[in-house]
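Colleague: Can you read through this structure? Questions will come right after.
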Amino acid sequence: MSVKPALPLKERMKHAIADETLIAAVKKTTDRLEGGKLSSSEALGNWEEWRKQGSRIRSHVVEHLDYYLGQLIENVKKRGGHVHIADSAKEAVDIFLRITREKNAKSVIKSKSMVSEEVHVNKALEDIGVEVIESDLGEYIIQLFGEAPSHIIVPAIHKNRYQIKDKFNEISGENLTEDTPTLTAFARRQLRKAFLQADIGVSGCNFAIAETGSIVMFTNEGNGRMVTTLPPVHVAFMGMERLIPSFEDLETFVNLLPRSATGQKITTYVSVINGARQEGDLDGAQEFHLIIVDNGRSKILGDEEFQEVLNCIRCGACLNVCPVYRHIGGHAYGDVYPGPIGAVLTPLLRDDMETWGDLPYASSLCGACTEACPVRIPLHDMLVRHRARYVKLGLAPKWEQMAFKAWSKTFARPGRYKLSMKAARLMVPFMARDGFIEKGPLNMMGWTHARHFPSPAKQSFREQWSKLSGELKGGGDHE
Amino acid sequence: MKASLFITCLADSFYPNVGESTVRLLDRLGVQVDFPEGQTCCGQPAFNSGYRDEAKEVAKTMIEAFEQSEYVVGPSGSCVGMIHEYYPLLFEGDRKWEDRALKFVKKSYELTQFIVNVVGKTYLGARLDKTVTYHPSCHAMRMMGIKHEPLELLKNVQGLQLVDLPFAEDCCGFGGTFAVKMHEVSAAMVAEKAQHVLETKAEILCGTDMGCLMNIGGRLRYEGAPVRVMHVAEVLWEGVREGVKA
């Protein structure tokens, strides 16, 4: 599906940076999450070994995805579940709408699912007059604001408690205070009714276990359990790659995911759902559907430079450490997945470099994302690989292409390099003051809006070398 | 022991004093230093912007320039990191160049890494009565794994008081062409970094990479903050001279 963001990347960034409330809220929470991650991963011990193990399991699954998908589908069906495969976002939505119509559903309650965000289920339901309510507190909040999540784990990271209080009061006419117990109690009152009257419960799927045909969900609010057990029908949306081979492999991700995501040793609920209610079960949905969503994923398979991105377990750790994310929040990335993972994933999933190919430039390549990734995806390398493709496709600005060609021709010849450096130095006395350039042409490049630029030295190092080498005790060689 | 200085294009044109300090330090440690004049730039600006062919052409210049060197030492984790991380990739499968590129990678070191791990020295007889804070550059720290080396050298300078930089491991927002292409975010990042530097009340900010220091230093000067911004090599060499006087 070719979706274009409303504004170009630079404009989106500019708006985000100017929103001080948003940036303060994002910084505060990412700092807290990152701090929690560091202490909980240290407490686990052997963090690097756990990461390697996580990476091995995920790579193995992705390399043998057809096998494990087959096994999963077989096992889900064995337990009486229905499996649907959606090639595209539209197909995923159509499948879900069909289920909704068959069940004559009027109301849908959801627990958090990035894939359902990715395919835009909510809007499609609203269009046909089905009520849809997000039950994850963060998702519930941003649904009220009519916004999309701005973080993978903490969807309402960009809102502060005062904004939330005002919104709750606006919809209810109540006069709530902004303390956490009051706000959560209000959401709970609203959501309880919704859980009980919903015809269909929708969940995500953190992992699907191929060997047992189970769906695993990590949640903190208990809403995931309610959504999957209270309504008569449970539909799980699953990204095609979110598999692990066996129940034993789950241990690795029980350790890696919550620590990386929220800094918790374990989430409040780890739910393993083995399909619909079986004879003798006390609770559970009467019908279970699993929608396996491709939506661009299979195109990444076999792409040597990017296949590893399918190892991602959507923990959001790369967002929490990314200095760019922390200064612009999630919405500026323009699509469902923000931060470094979004900058890598979006151009691939959308398969549209013309629209999304500039996203990978929204990184200083500091590598914090790669260091944080619990399954060791080389995110900063992937950002550079994207840039190389962008340039190869001829999408980079013409002036830039010419500039780098000229740069290469000059810097590949030491003689030319020396001459050009000398020429640059001759220009400087006209611009510099006290060794620095404070305005002038660098303003156009954005540099001197925020900082001063040093003027080149009167004499370059290479021009000083012969004198310097003569003074050395070791008598540095002249060359 | 013989080593060739890889000055980096930035230090060559803007910070020759970093080159001089590097050379004098190595010389004092008994390393015989030469300067192959055929060197230009490691190619990182082009590579990181996506221009691999252009970067490769310039990288060849570097390989040729240092072909005869025993060791190659540069005062930048980022530029040496470019050689280590990406030269093998640039020349992969290139029959004429691959071996030469790998040999170059193997003998290239960042300055503090070379002093501590190859020369095997951490005490240089330096003295500097200053408060100093240290910014660990991202590429030195994450690409090259240089964490303790510069700190050990600084801690062994008598009189030098090393104060922790809050959020030290956060990127300063330079990122080469990032500072130009995404200048609004870059500016917000460097403003935050400069703020953290000021919080330390240190007299000197030092680091292992002039790219980052040019960025942070430029911001500090923009704000009129009286913090000296120095490469670790400059701090150490100034310390050695003070030490000799004392």
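Ligands are numbered from 1 in the order shown, residues from 1 within each chain, and chains are lettered A, B, ... in the order they appear in the structure tokens.
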With only C-alpha atoms considered, list every residue of chain A at most 6 Å from chain B, as a list in words.
Modeller: Ser364, Cys366, Val384, Arg387, Ala388, Val391, Ser408, Phe411, Ala412, Pro414, Met445, Gly446, Ala450, Arg451, His452, Phe453, Pro456, Ala457, Ser460, Phe461, Gly474, Gly476 and Asp477 of chain A
Colleague: DSSP on the backbone, alpha helix (DSSP H) only: what residues of range 331-381 of chain A does that give? Format it as a list in words.
Modeller: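 DSSP on the backbone gives alpha helix (DSSP H) at Gly339, Pro340, Ile341, Gly342, Ala343, Val344, Leu345, Thr346, Pro347, Leu348, Leu349, Arg350, Met353, Glu354, Thr355, Trp356, Ala368, Cys369, Thr370, Glu371, Ala372, Leu379, His380 and Asp381 of chain A.
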Colleague: DSSP on the backbone, strand (DSSP E or B) only: what residues of range 64-255 of chain A does that give? Format it as a VMD selection string.
Modeller: chain A and resid 82 to 86 107 to 110 131 to 134 200 to 203 207 to 209 214 to 219 233 to 239 243 to 244
Colleague: Enter the distance from CA of Trp356 in chain A to CA of Pro5 in chain A, in Å, rounded to one decimal.
Modeller: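 Between these atoms lies a distance of 9.0 Å.
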Colleague: Can you measure CA of Gly54 in chain A to CA of Leu69 in chain A for me? One decimal in Å is fine.
Modeller: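 These atoms are spaced 18.8 Å apart.
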Colleague: If we count only C-alpha atoms, what is near His234 in chain A at a cut-off of 9 Å, once residues fewer than 4 positions away on the same chain are taken out, given as a list in words?
Modeller: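 Listing them by chain and then by number gives Ile200, Gly201, Val202, Ser203, Val227, Thr228, Thr229, Leu230, Gly275, Ala276, Gly284, Ala285, Gln286, Glu287, Phe288, His289 and Leu290 of chain A.
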Colleague: Which residue gives the smallest distance to Glu305 in chain A among A:Tyr333, A:Ala86, A:Leu348, A:Glu131, with only C-alpha atoms counted?
Modeller: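 So, comparing all the options, the nearest one is A:Leu348.
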Colleague: Quick one: residues within 6 Å of Gly243 in chain B, only C-alpha atoms, excluding same-chain residues fewer than 3 positions away - as a list in words?
Modeller: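 Residues meeting the cut-off are Ala126, Arg127, Gly239, Val240 and Ala246 of chain B.
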Colleague: With a distance cut-off of 8 Å and only C-alpha atoms, select the neighbouring residues of range 93-102 of chain B, excluding the residue or stretch itself and same-chain residues fewer than 3 positions from it, and output the selection as a list in words.
Modeller: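 Non-adjacent residues within range: Ile63, Glu67, Tyr87, Pro88, Val105 and Lys106 of chain B.
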Colleague: Can you tell me how far CA of Lys37 in chain A sits from CA of Ile157 in chain A, in Å to one decimal?
Modeller: 16.7 Å
Colleague: Closest to Asn160 in chain A among A:Thr252, A:Ser271, A:Gln197, A:Thr180, using only C-alpha atoms?
Modeller: A:Thr180
Colleague: Could you name the residues that touch range 94-99 of chain A at 12 Å or less, counting only C-alpha atoms, but leaving out those on the same chain fewer than 5 positions away, as a PDB file with C-alpha atoms, in the first residue's frame?
Modeller:
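Listing of part_20.pdb after writing:
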ATOM      1  CA  HIS A  82      -8.509 -20.813  12.096  1.00  0.00           C
ATOM      2  CA  VAL A  83      -5.437 -19.548  10.285  1.00  0.00           C
ATOM      3  CA  HIS A  84      -5.475 -16.799   7.665  1.00  0.00           C
ATOM      4  CA  ILE A  85      -2.539 -15.516   5.687  1.00  0.00           C
ATOM      5  CA  ALA A  86      -2.627 -11.922   4.528  1.00  0.00           C
ATOM      6  CA  ASP A  87      -0.186 -10.853   1.835  1.00  0.00           C
ATOM      7  CA  SER A  88      -0.997  -7.194   2.222  1.00  0.00           C
ATOM      8  CA  ALA A  89      -2.435  -4.754   4.738  1.00  0.00           C
ATOM      9  CA  ASN A 104     -22.386  -9.822  13.259  1.00  0.00           C
ATOM     10  CA  ALA A 105     -20.087  -7.972  15.649  1.00  0.00           C
ATOM     11  CA  LYS A 106     -20.961  -4.506  16.891  1.00  0.00           C
ATOM     12  CA  VAL A 108     -14.390  -4.908  19.171  1.00  0.00           C
ATOM     13  CA  SER A 116      -2.967  -4.048  13.614  1.00  0.00           C
ATOM     14  CA  VAL A 119      -2.560  -2.457   8.608  1.00  0.00           C
ATOM     15  CA  HIS A 120      -4.949   0.183  10.034  1.00  0.00           C
ATOM     16  CA  VAL A 121      -7.711  -2.071  11.343  1.00  0.00           C
ATOM     17  CA  ASN A 122      -9.346   0.554  13.534  1.00  0.00           C
ATOM     18  CA  LYS A 123     -10.170   2.918  10.734  1.00  0.00           C
ATOM     19  CA  ALA A 124     -11.688   0.149   8.627  1.00  0.00           C
ATOM     20  CA  LEU A 125     -13.912  -0.895  11.533  1.00  0.00           C
ATOM     21  CA  GLU A 126     -15.023   2.636  12.226  1.00  0.00           C
ATOM     22  CA  ASP A 127     -15.868   3.044   8.538  1.00  0.00           C
ATOM     23  CA  ILE A 128     -18.370   0.194   8.745  1.00  0.00           C
ATOM     24  CA  GLY A 129     -19.816   1.413  12.033  1.00  0.00           C
ATOM     25  CA  VAL A 130     -18.221  -1.139  14.382  1.00  0.00           C
ATOM     26  CA  ASP A 199     -18.163  -9.371  20.452  1.00  0.00           C
ATOM     27  CA  ILE A 200     -14.574  -9.817  19.334  1.00  0.00           C
ATOM     28  CA  GLY A 201     -11.299  -9.470  21.197  1.00  0.00           C
ATOM     29  CA  VAL A 202      -8.197  -8.568  19.173  1.00  0.00           C
ATOM     30  CA  VAL A 233     -14.188 -14.623  19.478  1.00  0.00           C
ATOM     31  CA  HIS A 234     -10.445 -13.984  19.734  1.00  0.00           C
ATOM     32  CA  VAL A 235      -8.490 -12.761  16.716  1.00  0.00           C
ATOM     33  CA  ALA A 236      -4.712 -12.472  16.950  1.00  0.00           C
ATOM     34  CA  PHE A 237      -2.706 -10.412  14.465  1.00  0.00           C
ATOM     35  CA  GLU A 287     -13.394 -19.300  18.508  1.00  0.00           C
ATOM     36  CA  PHE A 288      -9.799 -18.425  17.657  1.00  0.00           C
ATOM     37  CA  HIS A 289      -8.454 -16.859  14.483  1.00  0.00           C
ATOM     38  CA  LEU A 290      -4.821 -16.177  13.704  1.00  0.00           C
ATOM     39  CA  ILE A 291      -4.114 -13.636  10.974  1.00  0.00           C
ATOM     40  CA  ILE A 292      -0.538 -13.967   9.775  1.00  0.00           C
ATOM     41  CA  VAL A 293       0.490 -10.732   8.109  1.00  0.00           C
TER      42      VAL A 293
END
Colleague: Would you kindly return, as a count of residues only, each protein, DNA or RNA residue with an atom no farther than 10 Å from any atom of Asn156 in chain B, considering only C-alpha atoms and excluding same-chain residues fewer than 6 positions away?
Modeller: 7
